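Participant: What follows is protein_9.txt, made up of compact mmCIF, C-alpha atoms:
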```txt
# COMPACT_ATOMS: atom_id res chain seq x y z
CA MET H 1 42.60 108.56 -37.88
CA LEU H 2 42.68 104.79 -37.52
CA ALA H 3 40.19 104.99 -34.66
CA GLY H 4 37.87 106.81 -37.08
CA LEU H 5 37.85 103.78 -39.38
CA PHE H 6 36.75 101.57 -36.48
CA VAL H 7 34.05 104.14 -35.61
CA ILE H 8 32.79 103.94 -39.21
CA TYR H 9 32.39 100.16 -38.77
CA LEU H 10 30.40 100.80 -35.58
CA VAL H 11 28.12 103.08 -37.62
CA VAL H 12 27.84 100.33 -40.27
CA LEU H 13 26.79 97.86 -37.57
CA ALA H 14 24.13 100.31 -36.34
CA LEU H 15 22.87 100.67 -39.94
CA ILE H 16 22.74 96.86 -40.30
CA LEU H 17 20.65 96.68 -37.15
CA GLN H 18 18.29 99.33 -38.58
CA LYS H 19 18.10 97.40 -41.89
CA LYS H 20 19.53 100.26 -43.98
CA LYS H 21 21.33 98.11 -46.49
CA ASN H 22 22.36 100.68 -49.11
CA GLN H 23 23.89 103.07 -46.58
CA ALA H 24 25.69 100.20 -44.81
CA PHE H 25 27.06 98.88 -48.12
CA LEU H 26 28.26 102.35 -49.17
CA LEU H 27 29.96 103.00 -45.84
CA VAL H 28 31.85 99.68 -46.01
CA VAL H 29 33.07 100.59 -49.54
CA ILE H 30 34.16 104.05 -48.30
CA ASN H 31 35.94 102.43 -45.36
CA LEU H 32 37.80 100.04 -47.68
CA VAL H 33 39.00 102.95 -49.83
CA LEU H 34 40.10 104.85 -46.69
CA SER H 35 41.95 101.74 -45.42
CA VAL H 36 43.93 101.44 -48.66
CA LEU H 37 44.68 105.20 -48.58
CA MET H 38 45.84 104.79 -44.98
CA LEU H 39 48.13 101.94 -46.02
CA ILE H 40 49.61 104.10 -48.81
CA ALA H 41 50.09 107.00 -46.38
CA HIS H 42 51.77 104.72 -43.84
CA SER H 43 54.02 103.09 -46.47
CA THR H 44 55.18 106.38 -47.99
CA ASP H 45 55.69 107.82 -44.51
CA THR H 46 57.83 104.85 -43.39
CA LEU H 47 59.96 104.95 -46.54
CA ASN H 48 60.08 108.78 -46.44
CA ILE H 49 58.59 109.08 -49.91
CA ARG H 50 56.86 112.34 -50.77
CA LEU H 51 54.16 111.97 -53.39
CA MET V 1 18.43 71.28 -44.04
CA THR V 2 18.00 73.40 -47.16
CA MET V 3 20.93 74.86 -49.10
CA LEU V 4 20.10 78.38 -47.87
CA ALA V 5 19.94 77.27 -44.21
CA ALA V 6 23.31 75.55 -44.64
CA GLN V 7 24.74 78.74 -46.14
CA ARG V 8 23.46 80.85 -43.26
CA LEU V 9 25.06 78.40 -40.82
CA LEU V 10 28.36 78.55 -42.73
CA ASN V 11 28.21 82.37 -42.67
CA ILE V 12 27.70 82.31 -38.89
CA LEU V 13 30.58 79.82 -38.43
CA PHE V 14 32.79 82.00 -40.62
CA ILE V 15 31.99 85.04 -38.43
CA TYR V 16 32.76 83.05 -35.25
CA VAL V 17 36.13 81.95 -36.66
CA LEU V 18 37.02 85.57 -37.52
CA CYS V 19 35.92 86.71 -34.05
CA GLY V 20 38.11 83.94 -32.57
CA VAL V 21 41.12 85.21 -34.53
CA LEU V 22 40.44 88.80 -33.42
CA LEU V 23 40.04 87.71 -29.79
CA GLY V 24 43.28 85.73 -30.12
CA GLY V 25 44.98 88.95 -31.23
CA PHE V 26 43.62 90.67 -28.13
CA ILE V 27 44.82 87.86 -25.82
CA TYR V 28 48.25 87.98 -27.47
CA GLN V 29 48.32 91.76 -26.98
CA PHE V 30 47.48 91.68 -23.27
CA VAL V 31 49.27 88.46 -22.26
CA MET V 32 52.50 89.06 -24.18
CA LEU V 33 52.22 92.85 -23.66
CA GLU V 34 52.74 93.53 -27.38
CA GLU V 35 51.25 96.83 -28.51
CA PRO V 36 49.71 96.60 -32.01
CA CYS V 37 51.29 98.76 -34.73
CA PRO V 38 49.15 100.70 -37.27
CA LEU V 39 49.56 97.88 -39.81
CA CYS V 40 48.30 95.32 -37.26
CA LEU V 41 45.25 97.53 -36.63
CA LEU V 42 44.61 97.83 -40.38
CA GLN V 43 44.67 94.01 -40.57
CA ARG V 44 42.14 93.81 -37.74
CA LEU V 45 40.05 96.34 -39.66
CA GLY V 46 40.15 94.03 -42.71
CA MET V 47 38.90 91.09 -40.62
CA ILE V 48 36.11 93.21 -39.13
CA GLY V 49 35.24 94.24 -42.71
CA VAL V 50 34.88 90.58 -43.74
CA ALA V 51 32.76 89.82 -40.66
CA THR V 52 30.55 92.89 -41.26
CA SER V 53 29.97 91.92 -44.90
CA LEU V 54 28.90 88.43 -43.79
CA LEU V 55 26.60 89.99 -41.18
CA MET V 56 24.93 91.88 -44.05
CA ASN V 57 24.24 88.47 -45.61
CA LEU V 58 22.55 87.35 -42.39
CA ARG V 59 20.53 90.55 -41.90
CA PHE V 60 19.49 91.44 -45.47
CA GLY V 61 19.47 87.97 -47.06
CA ILE V 62 22.29 86.21 -48.87
CA ARG V 63 23.47 88.18 -51.92
CA VAL V 64 26.53 87.90 -54.15
CA GLN V 65 27.39 91.58 -53.63
CA TYR V 66 27.91 91.02 -49.88
CA TYR V 67 30.27 88.13 -50.63
CA ALA V 68 32.08 90.45 -53.07
CA LEU V 69 32.38 93.05 -50.31
CA ALA V 70 33.83 90.38 -47.99
CA ILE V 71 36.39 89.44 -50.68
CA LEU V 72 37.33 93.12 -51.17
CA SER V 73 37.77 93.53 -47.39
CA ALA V 74 39.95 90.40 -47.31
CA LEU V 75 41.99 91.72 -50.24
CA SER V 76 42.57 95.08 -48.51
CA GLY V 77 43.64 93.27 -45.32
CA ARG V 78 45.82 90.93 -47.34
CA LEU V 79 47.55 93.93 -48.94
CA VAL V 80 48.38 95.26 -45.47
CA SER V 81 49.73 91.93 -44.19
CA LEU V 82 51.79 91.51 -47.38
CA ARG V 83 53.21 94.98 -46.77
CA GLN V 84 54.17 94.01 -43.22
CA ILE V 85 55.70 90.71 -44.36
CA SER V 86 57.77 92.59 -46.96
CA LEU V 87 58.97 95.02 -44.25
CA HIS V 88 60.46 92.15 -42.23
CA VAL V 89 61.38 89.71 -44.99
CA CYS V 90 65.07 90.78 -45.20
CA PRO V 91 67.30 88.84 -42.76
CA GLU V 92 68.84 91.99 -41.23
CA PHE V 93 65.42 93.37 -40.22
CA PRO V 94 64.10 91.95 -36.95
CA THR V 95 60.61 90.39 -36.89
CA PHE V 96 57.80 92.19 -35.07
CA GLY V 97 56.57 90.45 -31.90
CA GLU V 98 56.83 86.86 -30.70
CA PRO V 99 55.99 84.19 -33.30
CA VAL V 100 52.96 81.92 -32.78
CA LEU V 101 53.51 78.26 -33.88
CA GLY V 102 56.62 79.37 -35.74
CA LEU V 103 54.94 82.10 -37.76
CA ASP V 104 54.62 85.82 -37.04
CA LEU V 105 51.15 87.24 -36.47
CA TYR V 106 51.13 89.17 -39.76
CA VAL V 107 51.92 85.93 -41.63
CA TRP V 108 48.97 84.31 -39.84
CA ALA V 109 46.83 87.29 -40.85
CA PHE V 110 47.89 86.74 -44.48
CA ILE V 111 46.83 83.07 -44.22
CA VAL V 112 43.50 84.06 -42.61
CA PHE V 113 42.76 86.51 -45.45
CA ALA V 114 43.70 83.90 -48.08
CA CYS V 115 41.38 81.37 -46.39
CA SER V 116 38.61 84.01 -46.23
CA ILE V 117 38.80 84.58 -49.98
CA PHE V 118 38.75 80.81 -50.57
CA ALA V 119 35.75 80.36 -48.22
CA CYS V 120 33.83 83.20 -49.91
CA ALA V 121 34.46 81.61 -53.32
CA ILE V 122 33.05 78.30 -52.04
CA LEU V 123 30.02 80.06 -50.53
CA ILE V 124 29.37 81.88 -53.84
CA ILE V 125 29.46 78.53 -55.67
CA LEU V 126 26.98 77.10 -53.12
CA TYR V 127 24.78 80.20 -53.56
CA GLY V 128 24.80 79.65 -57.33
CA TYR V 129 23.49 76.10 -56.81
CA SER V 130 20.65 77.07 -54.43
CA LYS V 131 17.35 76.82 -56.27
CA GLN V 132 15.41 79.37 -54.24
CA HIS V 133 16.29 82.83 -52.93
CA GLU V 134 15.55 84.11 -49.45
CA THR V 135 12.19 85.81 -49.22
CA HIS V 136 11.99 85.86 -45.42
CA VAL V 137 15.19 86.54 -43.49
CA THR V 138 15.40 85.03 -40.02
CA TRP V 139 17.16 87.06 -37.32
CA GLY V 140 17.39 84.45 -34.58
CA THR V 141 19.59 83.94 -31.54
CA ARG V 142 22.57 82.63 -33.53
CA GLU V 143 22.53 85.63 -35.85
CA LYS V 144 22.09 88.06 -32.95
CA THR V 145 24.96 86.44 -31.02
CA ALA V 146 27.25 86.77 -34.06
CA PHE V 147 26.18 90.41 -34.50
CA TRP V 148 26.80 91.42 -30.89
CA LEU V 149 30.11 89.55 -30.84
CA VAL V 150 31.33 91.56 -33.86
CA ALA V 151 29.94 94.76 -32.28
CA ALA V 152 31.77 94.08 -28.99
CA ILE V 153 35.06 93.32 -30.76
CA THR V 154 34.76 96.46 -32.93
CA THR V 155 34.03 98.60 -29.85
CA ALA V 156 37.00 97.09 -27.99
CA ASN V 157 39.26 97.76 -30.98
CA THR V 158 38.01 101.36 -31.23
CA ILE V 159 38.80 102.02 -27.55
CA ASN V 160 42.15 100.21 -27.86
CA THR V 161 43.14 102.31 -30.91
CA LEU V 162 42.06 105.55 -29.24
CA VAL V 163 44.08 104.72 -26.11
CA ASP V 164 47.18 103.56 -28.04
CA LEU V 165 47.33 105.99 -30.94
CA GLY V 166 44.90 108.76 -30.09
CA LEU V 167 43.55 110.52 -33.18
CA GLY V 168 46.70 109.94 -35.25
CA TYR V 169 48.15 106.74 -36.69
```
As C-alpha cells, how would this structure be written, given the file I've shared?

Facilitator:
Amino acid sequence: MLAGLFVIYLVVLALILQKKKNQAFLLVVINLVLSVLMLIAHSTDTLNIRL
Amino acid sequence: MTMLAAQRLLNILFIYVLCGVLLGGFIYQFVMLEEPCPLCLLQRLGMIGVATSLLMNLRFGIRVQYYALAILSALSGRLVSLRQISLHVCPEFPTFGEPVLGLDLYVWAFIVFACSIFACAILIILYGYSKQHETHVTWGTREKTAFWLVAAITTANTINTLVDLGLGY
C-alpha cells in the first residue's frame, strides 16, 4: 500500500511534466489524505485499537 | 535579479536541500544497513510531497496554493515524525536506529519539516511583496535538473518500498 503512494507521486510528476496542473494538484491532495489515513491505520494497528 | 527570479532560485535550492536529506536517508540505509520502517517511509513521502509542490511552482508559475500544498505535505510528514518520536520517548523503549549527530533520524525529520514550514512562510511573504506575477514560466536546465532529481529519488523509493514491504505496509 505504501508503494502505491510513491507510485501516485510518480504519476503526479508525469502530470507536472505534461503541464496538467489541476490533475497534479488534486492527486497531491488525495495522496496527503491517504498518507494521514495510513498513519492512523498504522497507529491503531500498533496499539491494537479497533475503530 | 528580480524578486520572482530570486524566488525561483530559492525554490530550486529548497528542492535540492530536500533531495540531499532524502539521499542522506538512502546512504544511512545502505551504509548502516538499517531497513526503513513504515513510519520512516511515510516521512520520506512527506518530503517528496514538499518537493513536488515546489516543482509545481517551477513548472506552472509561482502561486500561493502550491506553497500551501507544500505546507500541508510538511504538516502530514511532521505528524508522522511526531508519532515516531512519541513511540520512543519513554526511557524504557529503545530508540530506532543509530543516532546522527546525537539525534535520531525521525527527530531530524521533525526538524526538517519544521524548517520547511518556516521556509514556505518566508517564500509566501516574498511572493506577497513581488510587484509582478509570472506570465512566462522558464523551464531551464536548473529546473529540469531539480525535476529529474526528485523523479529519480521517488522511483528509487518506490522500488525500495516494493522490495522491503511488498504491497502491504

Participant: Could you jot down the CA of Ile159 (chain V) to CA of Gly4 (chain H) separation for me, Å, one decimal place?

Facilitator: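 Taking CA of Ile159 (chain V) as the start and CA of Gly4 (chain H) as the end point, the length is 10.7 Å.
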
Participant: Could you list, with a cut-off of 6 Å and counting only C-alpha atoms, the residues of chain H near chain V, each shown with its nearest atom pair and the distance in Å rounded to one decimal, rows sorted by chain and ascending number, as a Markdown table?

Facilitator:
```
| residue | atom | partner | partner_atom | distance |
| --- | --- | --- | --- | --- |
| H:Met1 | CA | V:Gly168 | CA | 5.1 |
| H:Leu2 | CA | V:Tyr169 | CA | 5.9 |
| H:Ala3 | CA | V:Thr158 | CA | 5.4 |
| H:Phe6 | CA | V:Thr158 | CA | 5.4 |
```

Participant: So, counting only C-alpha atoms, which residue among V:Ala68, V:Leu105, V:Leu23, V:Leu13 is closest to Val29 (chain H)?

Facilitator: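 That would be V:Ala68, the residue with the smallest distance to Val29 (chain H).
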
Participant: When distances are computed from all atoms listed in the file, which of H:Thr44, H:Leu5, H:Leu10, H:Gln18 shows the smallest separation from Ile30 (chain H)?

Facilitator: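 Smallest distance to Ile30 (chain H) is found for H:Leu5.
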
Participant: Which is closest to Val12 (chain H) among V:Ile71, V:Leu10, V:Ala51, V:Leu18, if we use only C-alpha atoms?

Facilitator: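 Nearest candidate to Val12 (chain H) out of V:Ile71, V:Leu10, V:Ala51, V:Leu18: V:Ala51.
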
Participant: Between V:Ile12, V:Val21, V:Met47, V:Ile85, which one has atoms that come closest to Ile117 (chain V), using only C-alpha atoms?

Facilitator: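 Nearest candidate to Ile117 (chain V) out of V:Ile12, V:Val21, V:Met47, V:Ile85: V:Met47.
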
Participant: Within 10 Å of Val137 (chain V), counting all atoms listed in the file, which residues qualify if same-chain residues fewer than 2 places away don't, as a PyMOL selection string?

Facilitator: chain V and resi 57-62+134-135+139-140

Participant: Quick check, in Å to one decimal: how far apart do CA of Ile125 (chain V) and CA of Ala6 (chain V) lie?

Facilitator: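 Calculated distance between CA of Ile125 (chain V) and CA of Ala6 (chain V) is 13.0 Å.
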
Participant: Can you work out the spacing between CA of Ala121 (chain V) and CA of Val36 (chain H) in Å, to one decimal?

Facilitator: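 Separation of CA of Ala121 (chain V) and CA of Val36 (chain H): 22.5 Å.
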
Participant: Just checking: using only C-alpha atoms, which residue out of V:Tyr106, V:Gly128, V:Ile111, V:Pro99 ends up closest to Pro36 (chain V)?

Facilitator: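 Of the candidates, the smallest distance to Pro36 (chain V) is held by V:Tyr106.
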
Participant: Determine the nearest neighbour of Val7 (chain H) from the options H:Asn31, H:Lys21, H:Ala41, H:Leu26, counting all atoms listed in the file.

Facilitator: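 Nearest to Val7 (chain H): H:Asn31.
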
Participant: Can you put all heavy atoms back into region 7-18 of chain V and show it as a PDB file, in the coordinates of the input?

Facilitator:
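Output below, filename out-v5.pdb:
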```pdb
ATOM      1  N   GLN V   7      23.905  77.567 -45.856  1.00  0.00           N
ATOM      2  CA  GLN V   7      24.740  78.740 -46.140  1.00  0.00           C
ATOM      3  C   GLN V   7      24.740  79.737 -44.988  1.00  0.00           C
ATOM      4  O   GLN V   7      25.768  80.328 -44.648  1.00  0.00           O
ATOM      5  CB  GLN V   7      24.239  79.431 -47.397  1.00  0.00           C
ATOM      6  CG  GLN V   7      24.805  78.822 -48.640  1.00  0.00           C
ATOM      7  CD  GLN V   7      24.497  79.677 -49.820  1.00  0.00           C
ATOM      8  OE1 GLN V   7      24.961  80.784 -49.928  1.00  0.00           O
ATOM      9  NE2 GLN V   7      23.673  79.160 -50.696  1.00  0.00           N
ATOM     10  N   ARG V   8      23.550  79.932 -44.407  1.00  0.00           N
ATOM     11  CA  ARG V   8      23.460  80.850 -43.260  1.00  0.00           C
ATOM     12  C   ARG V   8      24.322  80.330 -42.107  1.00  0.00           C
ATOM     13  O   ARG V   8      25.040  81.096 -41.460  1.00  0.00           O
ATOM     14  CB  ARG V   8      22.002  80.987 -42.785  1.00  0.00           C
ATOM     15  CG  ARG V   8      21.128  81.770 -43.719  1.00  0.00           C
ATOM     16  CD  ARG V   8      19.754  81.988 -43.113  1.00  0.00           C
ATOM     17  NE  ARG V   8      19.751  83.003 -42.079  1.00  0.00           N
ATOM     18  CZ  ARG V   8      19.724  84.307 -42.312  1.00  0.00           C
ATOM     19  NH1 ARG V   8      19.695  84.754 -43.542  1.00  0.00           N
ATOM     20  NH2 ARG V   8      19.713  85.171 -41.326  1.00  0.00           N
ATOM     21  N   LEU V   9      24.262  79.020 -41.886  1.00  0.00           N
ATOM     22  CA  LEU V   9      25.060  78.400 -40.820  1.00  0.00           C
ATOM     23  C   LEU V   9      26.555  78.578 -41.094  1.00  0.00           C
ATOM     24  O   LEU V   9      27.325  78.911 -40.191  1.00  0.00           O
ATOM     25  CB  LEU V   9      24.694  76.914 -40.723  1.00  0.00           C
ATOM     26  CG  LEU V   9      25.235  76.172 -39.501  1.00  0.00           C
ATOM     27  CD1 LEU V   9      24.634  76.738 -38.221  1.00  0.00           C
ATOM     28  CD2 LEU V   9      24.934  74.690 -39.598  1.00  0.00           C
ATOM     29  N   LEU V  10      26.946  78.387 -42.366  1.00  0.00           N
ATOM     30  CA  LEU V  10      28.360  78.550 -42.730  1.00  0.00           C
ATOM     31  C   LEU V  10      28.800  80.000 -42.547  1.00  0.00           C
ATOM     32  O   LEU V  10      29.924  80.272 -42.111  1.00  0.00           O
ATOM     33  CB  LEU V  10      28.588  78.098 -44.178  1.00  0.00           C
ATOM     34  CG  LEU V  10      28.565  76.588 -44.406  1.00  0.00           C
ATOM     35  CD1 LEU V  10      28.621  76.267 -45.887  1.00  0.00           C
ATOM     36  CD2 LEU V  10      29.741  75.925 -43.696  1.00  0.00           C
ATOM     37  N   ASN V  11      27.903  80.942 -42.887  1.00  0.00           N
ATOM     38  CA  ASN V  11      28.210  82.370 -42.670  1.00  0.00           C
ATOM     39  C   ASN V  11      28.445  82.649 -41.193  1.00  0.00           C
ATOM     40  O   ASN V  11      29.385  83.356 -40.832  1.00  0.00           O
ATOM     41  CB  ASN V  11      27.057  83.237 -43.190  1.00  0.00           C
ATOM     42  CG  ASN V  11      27.225  83.627 -44.633  1.00  0.00           C
ATOM     43  OD1 ASN V  11      28.008  84.505 -44.952  1.00  0.00           O
ATOM     44  ND2 ASN V  11      26.515  82.959 -45.511  1.00  0.00           N
ATOM     45  N   ILE V  12      27.574  82.093 -40.338  1.00  0.00           N
ATOM     46  CA  ILE V  12      27.700  82.310 -38.890  1.00  0.00           C
ATOM     47  C   ILE V  12      29.014  81.705 -38.387  1.00  0.00           C
ATOM     48  O   ILE V  12      29.758  82.341 -37.624  1.00  0.00           O
ATOM     49  CB  ILE V  12      26.484  81.714 -38.143  1.00  0.00           C
ATOM     50  CG1 ILE V  12      25.222  82.490 -38.501  1.00  0.00           C
ATOM     51  CG2 ILE V  12      26.694  81.746 -36.634  1.00  0.00           C
ATOM     52  CD1 ILE V  12      23.930  81.843 -38.051  1.00  0.00           C
ATOM     53  N   LEU V  13      29.321  80.479 -38.839  1.00  0.00           N
ATOM     54  CA  LEU V  13      30.580  79.820 -38.430  1.00  0.00           C
ATOM     55  C   LEU V  13      31.787  80.638 -38.856  1.00  0.00           C
ATOM     56  O   LEU V  13      32.748  80.807 -38.099  1.00  0.00           O
ATOM     57  CB  LEU V  13      30.649  78.408 -39.031  1.00  0.00           C
ATOM     58  CG  LEU V  13      29.806  77.345 -38.364  1.00  0.00           C
ATOM     59  CD1 LEU V  13      29.902  76.042 -39.148  1.00  0.00           C
ATOM     60  CD2 LEU V  13      30.248  77.123 -36.926  1.00  0.00           C
ATOM     61  N   PHE V  14      31.728  81.158 -40.064  1.00  0.00           N
ATOM     62  CA  PHE V  14      32.790  82.000 -40.620  1.00  0.00           C
ATOM     63  C   PHE V  14      33.003  83.230 -39.726  1.00  0.00           C
ATOM     64  O   PHE V  14      34.142  83.581 -39.372  1.00  0.00           O
ATOM     65  CB  PHE V  14      32.354  82.407 -42.033  1.00  0.00           C
ATOM     66  CG  PHE V  14      33.427  82.949 -42.932  1.00  0.00           C
ATOM     67  CD1 PHE V  14      33.164  83.120 -44.278  1.00  0.00           C
ATOM     68  CD2 PHE V  14      34.691  83.276 -42.466  1.00  0.00           C
ATOM     69  CE1 PHE V  14      34.121  83.609 -45.142  1.00  0.00           C
ATOM     70  CE2 PHE V  14      35.666  83.777 -43.315  1.00  0.00           C
ATOM     71  CZ  PHE V  14      35.370  83.944 -44.652  1.00  0.00           C
ATOM     72  N   ILE V  15      31.901  83.852 -39.309  1.00  0.00           N
ATOM     73  CA  ILE V  15      31.990  85.040 -38.430  1.00  0.00           C
ATOM     74  C   ILE V  15      32.618  84.648 -37.094  1.00  0.00           C
ATOM     75  O   ILE V  15      33.480  85.360 -36.573  1.00  0.00           O
ATOM     76  CB  ILE V  15      30.597  85.679 -38.239  1.00  0.00           C
ATOM     77  CG1 ILE V  15      30.098  86.283 -39.548  1.00  0.00           C
ATOM     78  CG2 ILE V  15      30.635  86.761 -37.150  1.00  0.00           C
ATOM     79  CD1 ILE V  15      28.664  86.737 -39.518  1.00  0.00           C
ATOM     80  N   TYR V  16      32.196  83.500 -36.539  1.00  0.00           N
ATOM     81  CA  TYR V  16      32.760  83.050 -35.250  1.00  0.00           C
ATOM     82  C   TYR V  16      34.257  82.803 -35.357  1.00  0.00           C
ATOM     83  O   TYR V  16      35.010  83.134 -34.443  1.00  0.00           O
ATOM     84  CB  TYR V  16      32.041  81.781 -34.770  1.00  0.00           C
ATOM     85  CG  TYR V  16      30.670  82.029 -34.169  1.00  0.00           C
ATOM     86  CD1 TYR V  16      29.686  81.053 -34.198  1.00  0.00           C
ATOM     87  CD2 TYR V  16      30.368  83.246 -33.564  1.00  0.00           C
ATOM     88  CE1 TYR V  16      28.429  81.273 -33.655  1.00  0.00           C
ATOM     89  CE2 TYR V  16      29.108  83.467 -33.010  1.00  0.00           C
ATOM     90  CZ  TYR V  16      28.144  82.485 -33.066  1.00  0.00           C
ATOM     91  OH  TYR V  16      26.905  82.713 -32.531  1.00  0.00           O
ATOM     92  N   VAL V  17      34.692  82.214 -36.471  1.00  0.00           N
ATOM     93  CA  VAL V  17      36.130  81.950 -36.660  1.00  0.00           C
ATOM     94  C   VAL V  17      36.893  83.282 -36.692  1.00  0.00           C
ATOM     95  O   VAL V  17      37.931  83.437 -36.027  1.00  0.00           O
ATOM     96  CB  VAL V  17      36.369  81.134 -37.960  1.00  0.00           C
ATOM     97  CG1 VAL V  17      37.855  81.097 -38.318  1.00  0.00           C
ATOM     98  CG2 VAL V  17      35.845  79.720 -37.797  1.00  0.00           C
ATOM     99  N   LEU V  18      36.354  84.256 -37.442  1.00  0.00           N
ATOM    100  CA  LEU V  18      37.020  85.570 -37.520  1.00  0.00           C
ATOM    101  C   LEU V  18      37.063  86.247 -36.152  1.00  0.00           C
ATOM    102  O   LEU V  18      38.078  86.853 -35.780  1.00  0.00           O
ATOM    103  CB  LEU V  18      36.294  86.467 -38.537  1.00  0.00           C
ATOM    104  CG  LEU V  18      36.531  86.118 -40.008  1.00  0.00           C
ATOM    105  CD1 LEU V  18      35.580  86.897 -40.891  1.00  0.00           C
ATOM    106  CD2 LEU V  18      37.964  86.404 -40.422  1.00  0.00           C
TER     107      LEU V  18
END
```
